[in-house]
$ cat input-v2.cif   # mmCIF, C-alpha atoms
data_target
loop_
_atom_site.group_PDB
_atom_site.id
_atom_site.type_symbol
_atom_site.label_atom_id
_atom_site.label_comp_id
_atom_site.auth_asym_id
_atom_site.auth_seq_id
_atom_site.Cartn_x
_atom_site.Cartn_y
_atom_site.Cartn_z
ATOM 1 C CA ASN A 1 4.082 -28.886 -10.146
ATOM 2 C CA ALA A 2 3.906 -29.419 -6.354
ATOM 3 C CA GLY A 3 6.156 -26.537 -5.217
ATOM 4 C CA VAL A 4 6.809 -26.839 -1.465
ATOM 5 C CA THR A 5 5.124 -29.713 0.360
ATOM 6 C CA GLN A 6 4.862 -29.835 4.160
ATOM 7 C CA THR A 7 3.670 -32.707 6.329
ATOM 8 C CA PRO A 8 1.833 -33.126 8.603
ATOM 9 C CA LYS A 9 -0.731 -30.309 8.359
ATOM 10 C CA PHE A 10 -1.776 -30.713 11.986
ATOM 11 C CA GLN A 11 -0.066 -32.289 14.986
ATOM 12 C CA VAL A 12 -0.728 -32.432 18.707
ATOM 13 C CA LEU A 13 2.143 -33.317 21.044
ATOM 14 C CA LYS A 14 2.603 -33.666 24.754
ATOM 15 C CA THR A 15 5.354 -31.724 26.498
ATOM 16 C CA GLY A 16 8.659 -33.544 26.143
ATOM 17 C CA GLN A 17 7.762 -35.508 23.012
ATOM 18 C CA SER A 18 9.862 -35.213 19.870
ATOM 19 C CA MET A 19 8.769 -35.030 16.262
ATOM 20 C CA THR A 20 9.875 -34.067 12.766
ATOM 21 C CA LEU A 21 8.117 -31.704 10.397
ATOM 22 C CA GLN A 22 8.835 -32.675 6.827
ATOM 23 C CA CYS A 23 9.470 -30.263 3.968
ATOM 24 C CA ALA A 24 10.199 -31.077 0.329
ATOM 25 C CA GLN A 25 10.517 -28.885 -2.753
ATOM 26 C CA ASP A 26 10.670 -29.885 -6.404
ATOM 27 C CA MET A 27 11.916 -26.604 -7.918
ATOM 28 C CA ASN A 28 15.637 -27.295 -7.489
ATOM 29 C CA HIS A 29 15.948 -24.227 -5.241
ATOM 30 C CA GLU A 30 19.249 -23.766 -3.427
ATOM 31 C CA TYR A 31 17.822 -22.025 -0.376
ATOM 32 C CA MET A 32 15.335 -23.434 2.099
ATOM 33 C CA SER A 33 14.124 -22.053 5.392
ATOM 34 C CA TRP A 34 11.763 -22.648 8.290
ATOM 35 C CA TYR A 35 9.609 -19.937 9.860
ATOM 36 C CA ARG A 36 7.174 -19.928 12.703
ATOM 37 C CA GLN A 37 4.104 -17.704 12.677
ATOM 38 C CA ASP A 38 2.676 -16.402 15.925
ATOM 39 C CA PRO A 39 -0.110 -13.833 16.385
ATOM 40 C CA GLY A 40 1.164 -10.239 16.249
ATOM 41 C CA MET A 41 4.747 -11.325 15.549
ATOM 42 C CA GLY A 42 4.775 -11.994 11.846
ATOM 43 C CA LEU A 43 7.072 -14.754 10.666
ATOM 44 C CA ARG A 44 10.306 -15.453 12.489
ATOM 45 C CA LEU A 45 13.159 -17.377 10.927
ATOM 46 C CA ILE A 46 14.125 -20.570 12.786
ATOM 47 C CA HIS A 47 16.810 -22.159 10.587
ATOM 48 C CA TYR A 48 17.861 -21.899 6.995
ATOM 49 C CA SER A 49 20.041 -23.674 4.447
ATOM 50 C CA VAL A 50 21.949 -22.288 1.476
ATOM 51 C CA GLY A 51 22.554 -25.708 -0.043
ATOM 52 C CA ALA A 52 22.842 -29.423 0.655
ATOM 53 C CA GLY A 53 25.014 -30.035 3.695
ATOM 54 C CA ILE A 54 24.898 -26.393 4.851
ATOM 55 C CA THR A 55 22.574 -25.072 7.553
ATOM 56 C CA ASP A 56 22.584 -22.057 9.853
ATOM 57 C CA GLN A 57 20.548 -20.565 12.662
ATOM 58 C CA GLY A 58 17.947 -17.898 12.232
ATOM 59 C CA GLU A 59 16.315 -15.624 14.779
ATOM 60 C CA VAL A 60 14.705 -18.280 17.023
ATOM 61 C CA PRO A 61 16.663 -21.572 16.696
ATOM 62 C CA ASN A 62 16.519 -22.887 20.262
ATOM 63 C CA GLY A 63 14.724 -26.222 20.621
ATOM 64 C CA TYR A 64 14.916 -27.044 16.916
ATOM 65 C CA ASN A 65 17.348 -28.977 14.733
ATOM 66 C CA VAL A 66 17.628 -29.187 10.972
ATOM 67 C CA SER A 67 19.644 -31.061 8.376
ATOM 68 C CA ARG A 68 19.911 -30.798 4.609
ATOM 69 C CA SER A 69 21.163 -34.060 3.116
ATOM 70 C CA THR A 70 19.575 -33.418 -0.300
ATOM 71 C CA THR A 71 18.576 -30.334 -2.281
ATOM 72 C CA GLU A 72 14.902 -31.345 -2.063
ATOM 73 C CA ASP A 73 14.397 -32.038 1.643
ATOM 74 C CA PHE A 74 14.744 -29.873 4.753
ATOM 75 C CA PRO A 75 13.178 -31.502 7.847
ATOM 76 C CA LEU A 76 12.697 -29.605 11.107
ATOM 77 C CA ARG A 77 13.097 -31.586 14.326
ATOM 78 C CA LEU A 78 11.669 -30.677 17.685
ATOM 79 C CA LEU A 79 13.838 -32.418 20.249
ATOM 80 C CA SER A 80 11.680 -32.044 23.373
ATOM 81 C CA ALA A 81 8.466 -30.164 22.677
ATOM 82 C CA ALA A 82 7.395 -27.311 24.942
ATOM 83 C CA PRO A 83 4.106 -25.342 25.033
ATOM 84 C CA SER A 84 6.036 -22.284 23.786
ATOM 85 C CA GLN A 85 6.531 -24.150 20.514
ATOM 86 C CA THR A 86 2.798 -24.156 19.809
ATOM 87 C CA SER A 87 2.680 -22.307 16.494
ATOM 88 C CA VAL A 88 2.143 -22.552 12.767
ATOM 89 C CA TYR A 89 5.309 -23.572 10.949
ATOM 90 C CA PHE A 90 6.076 -22.667 7.368
ATOM 91 C CA CYS A 91 8.775 -24.055 5.153
ATOM 92 C CA ALA A 92 9.942 -21.914 2.233
ATOM 93 C CA SER A 93 12.391 -22.172 -0.620
ATOM 94 C CA ASN A 94 13.942 -19.711 -3.047
ATOM 95 C CA SER A 95 16.514 -19.602 -5.790
ATOM 96 C CA GLY A 96 18.391 -16.524 -4.552
ATOM 97 C CA ALA A 97 16.090 -13.930 -6.099
ATOM 98 C CA ASN A 98 14.648 -13.217 -2.644
ATOM 99 C CA VAL A 99 11.173 -14.357 -3.656
ATOM 100 C CA LEU A 100 10.092 -17.098 -1.275
ATOM 101 C CA THR A 101 7.784 -19.974 -2.202
ATOM 102 C CA PHE A 102 5.934 -21.200 0.881
ATOM 103 C CA GLY A 103 4.364 -24.484 1.847
ATOM 104 C CA ALA A 104 0.799 -24.584 3.177
ATOM 105 C CA GLY A 105 1.932 -24.733 6.795
ATOM 106 C CA SER A 106 1.929 -27.179 9.713
ATOM 107 C CA ARG A 107 -0.105 -26.311 12.798
ATOM 108 C CA LEU A 108 1.500 -27.704 15.952
ATOM 109 C CA THR A 109 -0.078 -27.750 19.392
ATOM 110 C CA VAL A 110 1.986 -28.751 22.425
ATOM 111 C CA LEU A 111 -0.028 -29.621 25.529
ATOM 112 C CA GLY B 1 19.207 -3.877 12.781
ATOM 113 C CA ASN B 2 16.758 -4.508 9.971
ATOM 114 C CA SER B 3 13.061 -4.389 10.786
ATOM 115 C CA VAL B 4 9.612 -3.844 9.320
ATOM 116 C CA THR B 5 6.704 -2.038 10.943
ATOM 117 C CA GLN B 6 3.164 -2.170 9.626
ATOM 118 C CA MET B 7 -0.300 -1.369 10.898
ATOM 119 C CA GLU B 8 -1.632 -4.503 12.515
ATOM 120 C CA GLY B 9 -5.346 -4.027 12.112
ATOM 121 C CA PRO B 10 -7.651 -5.804 11.836
ATOM 122 C CA VAL B 11 -8.934 -3.646 9.032
ATOM 123 C CA THR B 12 -12.556 -3.973 7.938
ATOM 124 C CA LEU B 13 -13.735 -2.336 4.710
ATOM 125 C CA SER B 14 -16.829 -2.393 2.586
ATOM 126 C CA GLU B 15 -16.568 -3.750 -0.939
ATOM 127 C CA GLU B 16 -15.254 -1.161 -3.452
ATOM 128 C CA ALA B 17 -13.617 0.925 -0.705
ATOM 129 C CA PHE B 18 -10.064 2.266 -1.035
ATOM 130 C CA LEU B 19 -7.368 0.355 0.819
ATOM 131 C CA THR B 20 -4.116 1.594 2.304
ATOM 132 C CA ILE B 21 -1.911 -0.533 4.543
ATOM 133 C CA ASN B 22 1.089 1.371 5.858
ATOM 134 C CA CYS B 23 4.548 -0.183 5.985
ATOM 135 C CA THR B 24 7.815 1.407 7.076
ATOM 136 C CA TYR B 25 11.210 -0.186 7.364
ATOM 137 C CA THR B 26 14.641 0.169 8.894
ATOM 138 C CA ALA B 27 17.540 -1.338 7.007
ATOM 139 C CA THR B 28 21.242 -1.049 6.472
ATOM 140 C CA GLY B 29 22.125 -0.803 2.831
ATOM 141 C CA TYR B 30 19.506 -0.912 0.079
ATOM 142 C CA PRO B 31 16.829 -3.502 0.685
ATOM 143 C CA SER B 32 14.378 -5.118 -1.686
ATOM 144 C CA LEU B 33 10.795 -4.713 -0.481
ATOM 145 C CA PHE B 34 7.887 -7.116 -0.754
ATOM 146 C CA TRP B 35 4.223 -7.575 0.007
ATOM 147 C CA TYR B 36 3.085 -11.127 0.649
ATOM 148 C CA VAL B 37 -0.546 -12.211 1.049
ATOM 149 C CA GLN B 38 -1.872 -15.127 3.098
ATOM 150 C CA TYR B 39 -5.389 -16.352 2.319
ATOM 151 C CA PRO B 40 -7.209 -18.333 5.007
ATOM 152 C CA GLY B 41 -5.674 -21.761 5.588
ATOM 153 C CA GLU B 42 -2.873 -21.230 3.097
ATOM 154 C CA GLY B 43 0.802 -20.337 3.062
ATOM 155 C CA LEU B 44 2.096 -16.916 2.076
ATOM 156 C CA GLN B 45 2.477 -15.975 -1.561
ATOM 157 C CA LEU B 46 4.202 -13.038 -3.170
ATOM 158 C CA LEU B 47 1.842 -10.208 -4.111
ATOM 159 C CA LEU B 48 4.351 -7.654 -5.424
ATOM 160 C CA LYS B 49 7.898 -6.430 -4.993
ATOM 161 C CA ALA B 50 10.231 -3.506 -5.661
ATOM 162 C CA THR B 51 13.997 -3.681 -5.739
ATOM 163 C CA LYS B 52 15.124 -0.044 -5.805
ATOM 164 C CA ALA B 53 14.017 3.441 -4.820
ATOM 165 C CA ASP B 54 11.015 4.865 -6.722
ATOM 166 C CA ASP B 55 10.135 1.459 -8.201
ATOM 167 C CA LYS B 56 6.432 0.661 -8.183
ATOM 168 C CA GLY B 57 5.338 -2.925 -7.735
ATOM 169 C CA SER B 58 1.860 -3.890 -8.912
ATOM 170 C CA ASN B 59 -0.288 -6.999 -9.158
ATOM 171 C CA LYS B 60 -4.031 -7.813 -9.082
ATOM 172 C CA GLY B 61 -4.898 -4.118 -8.717
ATOM 173 C CA PHE B 62 -2.578 -3.639 -5.743
ATOM 174 C CA GLU B 63 0.298 -1.155 -5.890
ATOM 175 C CA ALA B 64 3.174 -0.092 -3.671
ATOM 176 C CA THR B 65 5.972 2.408 -4.308
ATOM 177 C CA TYR B 66 9.453 2.137 -2.797
ATOM 178 C CA ARG B 67 10.031 5.480 -1.034
ATOM 179 C CA LYS B 68 13.604 5.752 0.175
ATOM 180 C CA GLU B 69 13.190 9.254 1.607
ATOM 181 C CA THR B 70 10.397 8.135 3.937
ATOM 182 C CA THR B 71 11.555 4.483 4.234
ATOM 183 C CA SER B 72 8.058 3.354 3.317
ATOM 184 C CA PHE B 73 6.315 0.839 1.058
ATOM 185 C CA HIS B 74 2.587 1.389 1.573
ATOM 186 C CA LEU B 75 0.157 -1.009 -0.078
ATOM 187 C CA GLU B 76 -2.847 0.472 -1.918
ATOM 188 C CA LYS B 77 -5.822 -0.734 -3.896
ATOM 189 C CA GLY B 78 -8.474 1.496 -5.365
ATOM 190 C CA SER B 79 -11.467 -0.827 -4.996
ATOM 191 C CA VAL B 80 -11.309 -3.894 -2.761
ATOM 192 C CA GLN B 81 -13.335 -7.054 -3.253
ATOM 193 C CA VAL B 82 -14.540 -9.689 -0.807
ATOM 194 C CA SER B 83 -11.936 -12.036 -2.301
ATOM 195 C CA ASP B 84 -9.169 -9.682 -1.071
ATOM 196 C CA SER B 85 -9.898 -10.713 2.534
ATOM 197 C CA ALA B 86 -6.566 -12.048 3.788
ATOM 198 C CA VAL B 87 -3.536 -11.204 5.915
ATOM 199 C CA TYR B 88 -0.971 -8.949 4.242
ATOM 200 C CA PHE B 89 2.703 -8.995 5.214
ATOM 201 C CA CYS B 90 5.270 -6.363 4.361
ATOM 202 C CA ALA B 91 8.823 -7.719 4.134
ATOM 203 C CA LEU B 92 12.359 -6.727 3.246
ATOM 204 C CA SER B 93 15.523 -8.445 2.159
ATOM 205 C CA VAL B 94 19.041 -7.042 2.338
ATOM 206 C CA VAL B 95 21.682 -8.674 0.230
ATOM 207 C CA THR B 96 24.249 -10.467 2.321
ATOM 208 C CA SER B 97 25.733 -13.902 1.940
ATOM 209 C CA TYR B 98 22.178 -15.174 2.385
ATOM 210 C CA ASP B 99 19.251 -12.957 1.532
ATOM 211 C CA LYS B 100 17.294 -13.294 4.751
ATOM 212 C CA VAL B 101 13.741 -12.043 4.434
ATOM 213 C CA ILE B 102 12.385 -10.111 7.424
ATOM 214 C CA PHE B 103 8.617 -9.865 7.850
ATOM 215 C CA GLY B 104 6.349 -7.367 9.525
ATOM 216 C CA PRO B 105 3.619 -8.589 11.923
ATOM 217 C CA GLY B 106 0.931 -8.781 9.227
ATOM 218 C CA THR B 107 -2.313 -6.848 8.712
ATOM 219 C CA SER B 108 -5.595 -8.715 8.653
ATOM 220 C CA LEU B 109 -8.098 -7.349 6.103
ATOM 221 C CA SER B 110 -11.776 -8.248 6.014
ATOM 222 C CA VAL B 111 -13.921 -6.974 3.153
ATOM 223 C CA ILE B 112 -17.672 -7.111 3.682
ATOM 224 C CA PRO B 113 -20.245 -7.037 0.882
#
$ encode --input "input-v2.cif" --output "structure tokens"
Amino acid sequence: NAGVTQTPKFQVLKTGQSMTLQCAQDMNHEYMSWYRQDPGMGLRLIHYSVGAGITDQGEVPNGYNVSRSTTEDFPLRLLSAAPSQTSVYFCASNSGANVLTFGAGSRLTVL
Amino acid sequence: GNSVTQMEGPVTLSEEAFLTINCTYTATGYPSLFWYVQYPGEGLQLLLKATKADDKGSNKGFEATYRKETTSFHLEKGSVQVSDSAVYFCALSVVTSYDKVIFGPGTSLSVIP
């Protein structure tokens, strides 16, 4: 039972590069979301999805894109990386009972 | 808007000491309240929750009571262990078309033998 799987665990980018953080869940959860974790700021919601084909913006969406073509996958794309996007990113899923299941996180450094 | 405030720490305790981490919230409507725990190098996991006023959530010796009158959900444990060293996040969710979960800043706890 894998739960929520995120890849890669670590990534270093140069300013202006693009990349995709992958997220997959095997629990058939409707809802998926991406958070970023920064010191002293808790977790902030970037984007979320309430089902395949449906996405919406969270609190801090600028500089990120998402898509949800299947129930299982919810990739997060950084279009042109900036140092301000250095953070730890968490993907989460839930079935509507408000209890989130988190991945192990992806640590991104933008130089 | 909806928000969560908690003591940021870091908190350092000796093994077997009593733990309290304060959490207060602001919310429209009637939120569900949660404590999540993040062990080093891992993602967050649910520790306990409460869905209505006066409910008490409990798990692994931790407890928290939903206090509507003081808008609080303080986390307590009577005797902490070294293995409890982690970051603890208070969170709330208000039912809308999508149950967005809002997190506090987290409280880092270190327990020393």
$ closest_atom_pairs --input "input-v2.cif" --of "chain A" --to "chain B" --cutoff "6 Å" --atoms "all atoms listed in the file" --output "Markdown table"
| residue | atom | partner | partner_atom | distance |
| --- | --- | --- | --- | --- |
| A:Gly40 | CA | B:Pro105 | CA | 5.2 |
| A:Met41 | CA | B:Pro105 | CA | 4.7 |
| A:Gly42 | CA | B:Pro105 | CA | 3.6 |
| A:Leu43 | CA | B:Phe103 | CA | 5.8 |
| A:Phe102 | CA | B:Gly43 | CA | 5.6 |
| A:Gly103 | CA | B:Gly43 | CA | 5.6 |
| A:Ala104 | CA | B:Gly43 | CA | 4.2 |
| A:Gly105 | CA | B:Gly43 | CA | 5.9 |
$ resolve_selection --input "input-v2.cif" --expression "the PyMOL selection byres ((chain A and resi 18) around 6)" --output "list in words"
Gln17, Met19, Leu78, Leu79, Ser80 and Ala81 of chain A
$ resolve_selection --input "input-v2.cif" --expression "the PyMOL selection byres ((chain B and resi 60) around 10)" --output "list in words"
Leu47, Leu48, Ser58, Asn59, Gly61, Phe62, Glu63, Lys77 and Asp84 of chain B
$ write_last_selection --input "input-v2.cif" --atoms "C-alpha atoms" --output "PDB file, in the coordinates of the input"
ATOM      1  CA  LEU B  47       1.842 -10.208  -4.111  1.00  0.00           C
ATOM      2  CA  LEU B  48       4.351  -7.654  -5.424  1.00  0.00           C
ATOM      3  CA  SER B  58       1.860  -3.890  -8.912  1.00  0.00           C
ATOM      4  CA  ASN B  59      -0.288  -6.999  -9.158  1.00  0.00           C
ATOM      5  CA  GLY B  61      -4.898  -4.118  -8.717  1.00  0.00           C
ATOM      6  CA  PHE B  62      -2.578  -3.639  -5.743  1.00  0.00           C
ATOM      7  CA  GLU B  63       0.298  -1.155  -5.890  1.00  0.00           C
ATOM      8  CA  LYS B  77      -5.822  -0.734  -3.896  1.00  0.00           C
ATOM      9  CA  ASP B  84      -9.169  -9.682  -1.071  1.00  0.00           C
TER      10      ASP B  84
END
$ residues_around --input "input-v2.cif" --residues "Gln22 in chain A" --least-positions-apart "3" --cutoff "6 Å" --atoms "all atoms listed in the file" --output "PDB file with C-alpha atoms, in the frame of the given file"
ATOM      1  CA  GLN A   6       4.862 -29.835   4.160  1.00  0.00           C
ATOM      2  CA  THR A   7       3.670 -32.707   6.329  1.00  0.00           C
ATOM      3  CA  PRO A  75      13.178 -31.502   7.847  1.00  0.00           C
TER       4      PRO A  75
END
$ atom_distance --input "input-v2.cif" --atom1 "CA of Gln11 in chain A" --atom2 "CA of Ser95 in chain A"
29.5 Å
$ residues_around --input "input-v2.cif" --residues "Tyr30 in chain B" --least-positions-apart "3" --cutoff "12 Å" --atoms "all atoms listed in the file" --output "VMD selection string"
chain B and resid 2 25 to 27 33 50 to 53 66 to 68 71 92 to 96
$ write_last_selection --input "input-v2.cif" --atoms "C-alpha atoms" --output "PDB file, keeping the file's coordinate frame"
ATOM      1  CA  ASN B   2      16.758  -4.508   9.971  1.00  0.00           C
ATOM      2  CA  TYR B  25      11.210  -0.186   7.364  1.00  0.00           C
ATOM      3  CA  THR B  26      14.641   0.169   8.894  1.00  0.00           C
ATOM      4  CA  ALA B  27      17.540  -1.338   7.007  1.00  0.00           C
ATOM      5  CA  LEU B  33      10.795  -4.713  -0.481  1.00  0.00           C
ATOM      6  CA  ALA B  50      10.231  -3.506  -5.661  1.00  0.00           C
ATOM      7  CA  THR B  51      13.997  -3.681  -5.739  1.00  0.00           C
ATOM      8  CA  LYS B  52      15.124  -0.044  -5.805  1.00  0.00           C
ATOM      9  CA  ALA B  53      14.017   3.441  -4.820  1.00  0.00           C
ATOM     10  CA  TYR B  66       9.453   2.137  -2.797  1.00  0.00           C
ATOM     11  CA  ARG B  67      10.031   5.480  -1.034  1.00  0.00           C
ATOM     12  CA  LYS B  68      13.604   5.752   0.175  1.00  0.00           C
ATOM     13  CA  THR B  71      11.555   4.483   4.234  1.00  0.00           C
ATOM     14  CA  LEU B  92      12.359  -6.727   3.246  1.00  0.00           C
ATOM     15  CA  SER B  93      15.523  -8.445   2.159  1.00  0.00           C
ATOM     16  CA  VAL B  94      19.041  -7.042   2.338  1.00  0.00           C
ATOM     17  CA  VAL B  95      21.682  -8.674   0.230  1.00  0.00           C
ATOM     18  CA  THR B  96      24.249 -10.467   2.321  1.00  0.00           C
TER      19      THR B  96
END
$ closest_residue --input "input-v2.cif" --among "A:Asn62, A:Gln25, A:Gln85, A:Asn94" --to "Val4 in chain A" --atoms "all atoms listed in the file"
A:Gln25
$ resolve_selection --input "input-v2.cif" --expression "the PyMOL selection byres ((chain A and resi 108) around 8)" --output "list in words"
Phe10, Gln11, Val12, Leu13, Gln85, Thr86, Ser87, Val88, Tyr89, Ser106, Arg107, Thr109 and Val110 of chain A
$ write_last_selection --input "input-v2.cif" --atoms "C-alpha atoms" --output "PDB file, keeping the file's coordinate frame"
ATOM      1  CA  PHE A  10      -1.776 -30.713  11.986  1.00  0.00           C
ATOM      2  CA  GLN A  11      -0.066 -32.289  14.986  1.00  0.00           C
ATOM      3  CA  VAL A  12      -0.728 -32.432  18.707  1.00  0.00           C
ATOM      4  CA  LEU A  13       2.143 -33.317  21.044  1.00  0.00           C
ATOM      5  CA  GLN A  85       6.531 -24.150  20.514  1.00  0.00           C
ATOM      6  CA  THR A  86       2.798 -24.156  19.809  1.00  0.00           C
ATOM      7  CA  SER A  87       2.680 -22.307  16.494  1.00  0.00           C
ATOM      8  CA  VAL A  88       2.143 -22.552  12.767  1.00  0.00           C
ATOM      9  CA  TYR A  89       5.309 -23.572  10.949  1.00  0.00           C
ATOM     10  CA  SER A 106       1.929 -27.179   9.713  1.00  0.00           C
ATOM     11  CA  ARG A 107      -0.105 -26.311  12.798  1.00  0.00           C
ATOM     12  CA  THR A 109      -0.078 -27.750  19.392  1.00  0.00           C
ATOM     13  CA  VAL A 110       1.986 -28.751  22.425  1.00  0.00           C
TER      14      VAL A 110
END
$ atom_distance --input "input-v2.cif" --atom1 "CA of Asn22 in chain B" --atom2 "CA of Val37 in chain B"
14.5 Å
$ residues_around --input "input-v2.cif" --residues "range 65-68 of chain A" --least-positions-apart "4" --cutoff "6 Å" --atoms "all atoms listed in the file" --output "VMD selection string"
chain A and resid 52 to 53 74 to 77
$ residues_around --input "input-v2.cif" --residues "Tyr35 in chain A" --least-positions-apart "2" --cutoff "7 Å" --atoms "only C-alpha atoms" --output "list of chain:residue names"
A:Ser33, A:Gln37, A:Leu43, A:Arg44, A:Leu45, A:Ile46, A:Tyr89, A:Phe90, A:Cys91
$ axis_aligned_box --input "input-v2.cif" --around "range 57-67 of chain B" --padding-each-side "8 Å" --output "JSON"
{"center_x": 2.6, "center_y": -1.2, "center_z": -5.1, "size_x": 30.9, "size_y": 29.3, "size_z": 24.1}
$ atom_distance --input "input-v2.cif" --atom1 "CA of Val82 in chain B" --atom2 "CA of Leu109 in chain B"
9.7 Å
$ residues_near_point --input "input-v2.cif" --point "(9.8, -28.7, -9.1)" --cutoff "8 Å" --atoms "all atoms listed in the file" --output "number ranges by chain"
A: 1-3, 25-28
$ closest_residue --input "input-v2.cif" --among "B:Trp35, B:Phe18, B:Thr28, B:Met7" --to "Gly57 in chain B" --atoms "only C-alpha atoms"
B:Trp35
$ closest_residue --input "input-v2.cif" --among "A:His47, A:Lys14, A:Arg36, A:His29" --to "Pro83 in chain A" --atoms "only C-alpha atoms"
A:Lys14
$ decode --input "input-v2.cif" --residues "range 51-58 of chain A" --atoms "all heavy atoms" --output "PDB file, in the first residue's frame"
ATOM      1  N   GLY A  51     -11.143  16.494  -8.566  1.00  0.00           N
ATOM      2  CA  GLY A  51     -11.412  15.327  -9.393  1.00  0.00           C
ATOM      3  C   GLY A  51     -10.685  15.451 -10.715  1.00  0.00           C
ATOM      4  O   GLY A  51     -10.179  16.535 -11.062  1.00  0.00           O
ATOM      5  N   ALA A  52     -10.647  14.360 -11.465  1.00  0.00           N
ATOM      6  CA  ALA A  52      -9.966  14.374 -12.765  1.00  0.00           C
ATOM      7  C   ALA A  52     -10.563  15.456 -13.656  1.00  0.00           C
ATOM      8  O   ALA A  52     -11.782  15.592 -13.756  1.00  0.00           O
ATOM      9  CB  ALA A  52     -10.090  13.005 -13.425  1.00  0.00           C
ATOM     10  N   GLY A  53      -9.680  16.257 -14.246  1.00  0.00           N
ATOM     11  CA  GLY A  53     -10.091  17.319 -15.140  1.00  0.00           C
ATOM     12  C   GLY A  53     -10.450  18.631 -14.461  1.00  0.00           C
ATOM     13  O   GLY A  53     -10.769  19.620 -15.139  1.00  0.00           O
ATOM     14  N   ILE A  54     -10.391  18.676 -13.120  1.00  0.00           N
ATOM     15  CA  ILE A  54     -10.791  19.868 -12.378  1.00  0.00           C
ATOM     16  C   ILE A  54      -9.659  20.308 -11.460  1.00  0.00           C
ATOM     17  O   ILE A  54      -9.215  19.548 -10.592  1.00  0.00           O
ATOM     18  CB  ILE A  54     -12.048  19.612 -11.522  1.00  0.00           C
ATOM     19  CG1 ILE A  54     -13.169  19.030 -12.370  1.00  0.00           C
ATOM     20  CG2 ILE A  54     -12.493  20.894 -10.825  1.00  0.00           C
ATOM     21  CD1 ILE A  54     -14.337  18.520 -11.570  1.00  0.00           C
ATOM     22  N   THR A  55      -9.179  21.534 -11.663  1.00  0.00           N
ATOM     23  CA  THR A  55      -8.146  22.075 -10.775  1.00  0.00           C
ATOM     24  C   THR A  55      -8.520  23.507 -10.400  1.00  0.00           C
ATOM     25  O   THR A  55      -9.297  24.165 -11.099  1.00  0.00           O
ATOM     26  CB  THR A  55      -6.758  22.075 -11.429  1.00  0.00           C
ATOM     27  OG1 THR A  55      -6.766  22.948 -12.568  1.00  0.00           O
ATOM     28  CG2 THR A  55      -6.347  20.677 -11.856  1.00  0.00           C
ATOM     29  N   ASP A  56      -7.934  23.979  -9.308  1.00  0.00           N
ATOM     30  CA  ASP A  56      -8.189  25.358  -8.877  1.00  0.00           C
ATOM     31  C   ASP A  56      -6.985  25.867  -8.095  1.00  0.00           C
ATOM     32  O   ASP A  56      -6.141  25.082  -7.637  1.00  0.00           O
ATOM     33  CB  ASP A  56      -9.449  25.439  -8.023  1.00  0.00           C
ATOM     34  CG  ASP A  56     -10.089  26.816  -8.081  1.00  0.00           C
ATOM     35  OD1 ASP A  56      -9.429  27.782  -8.548  1.00  0.00           O
ATOM     36  OD2 ASP A  56     -11.251  26.947  -7.663  1.00  0.00           O
ATOM     37  N   GLN A  57      -6.927  27.192  -7.969  1.00  0.00           N
ATOM     38  CA  GLN A  57      -5.789  27.815  -7.307  1.00  0.00           C
ATOM     39  C   GLN A  57      -5.982  27.839  -5.809  1.00  0.00           C
ATOM     40  O   GLN A  57      -7.082  28.001  -5.310  1.00  0.00           O
ATOM     41  CB  GLN A  57      -5.628  29.250  -7.831  1.00  0.00           C
ATOM     42  CG  GLN A  57      -5.300  29.330  -9.300  1.00  0.00           C
ATOM     43  CD  GLN A  57      -5.129  30.761  -9.770  1.00  0.00           C
ATOM     44  OE1 GLN A  57      -5.440  31.707  -9.051  1.00  0.00           O
ATOM     45  NE2 GLN A  57      -4.619  30.927 -10.974  1.00  0.00           N
ATOM     46  N   GLY A  58      -4.864  27.724  -5.112  1.00  0.00           N
ATOM     47  CA  GLY A  58      -4.859  27.868  -3.674  1.00  0.00           C
ATOM     48  C   GLY A  58      -4.380  29.247  -3.278  1.00  0.00           C
ATOM     49  O   GLY A  58      -4.616  30.233  -3.985  1.00  0.00           O
TER      50      GLY A  58
END
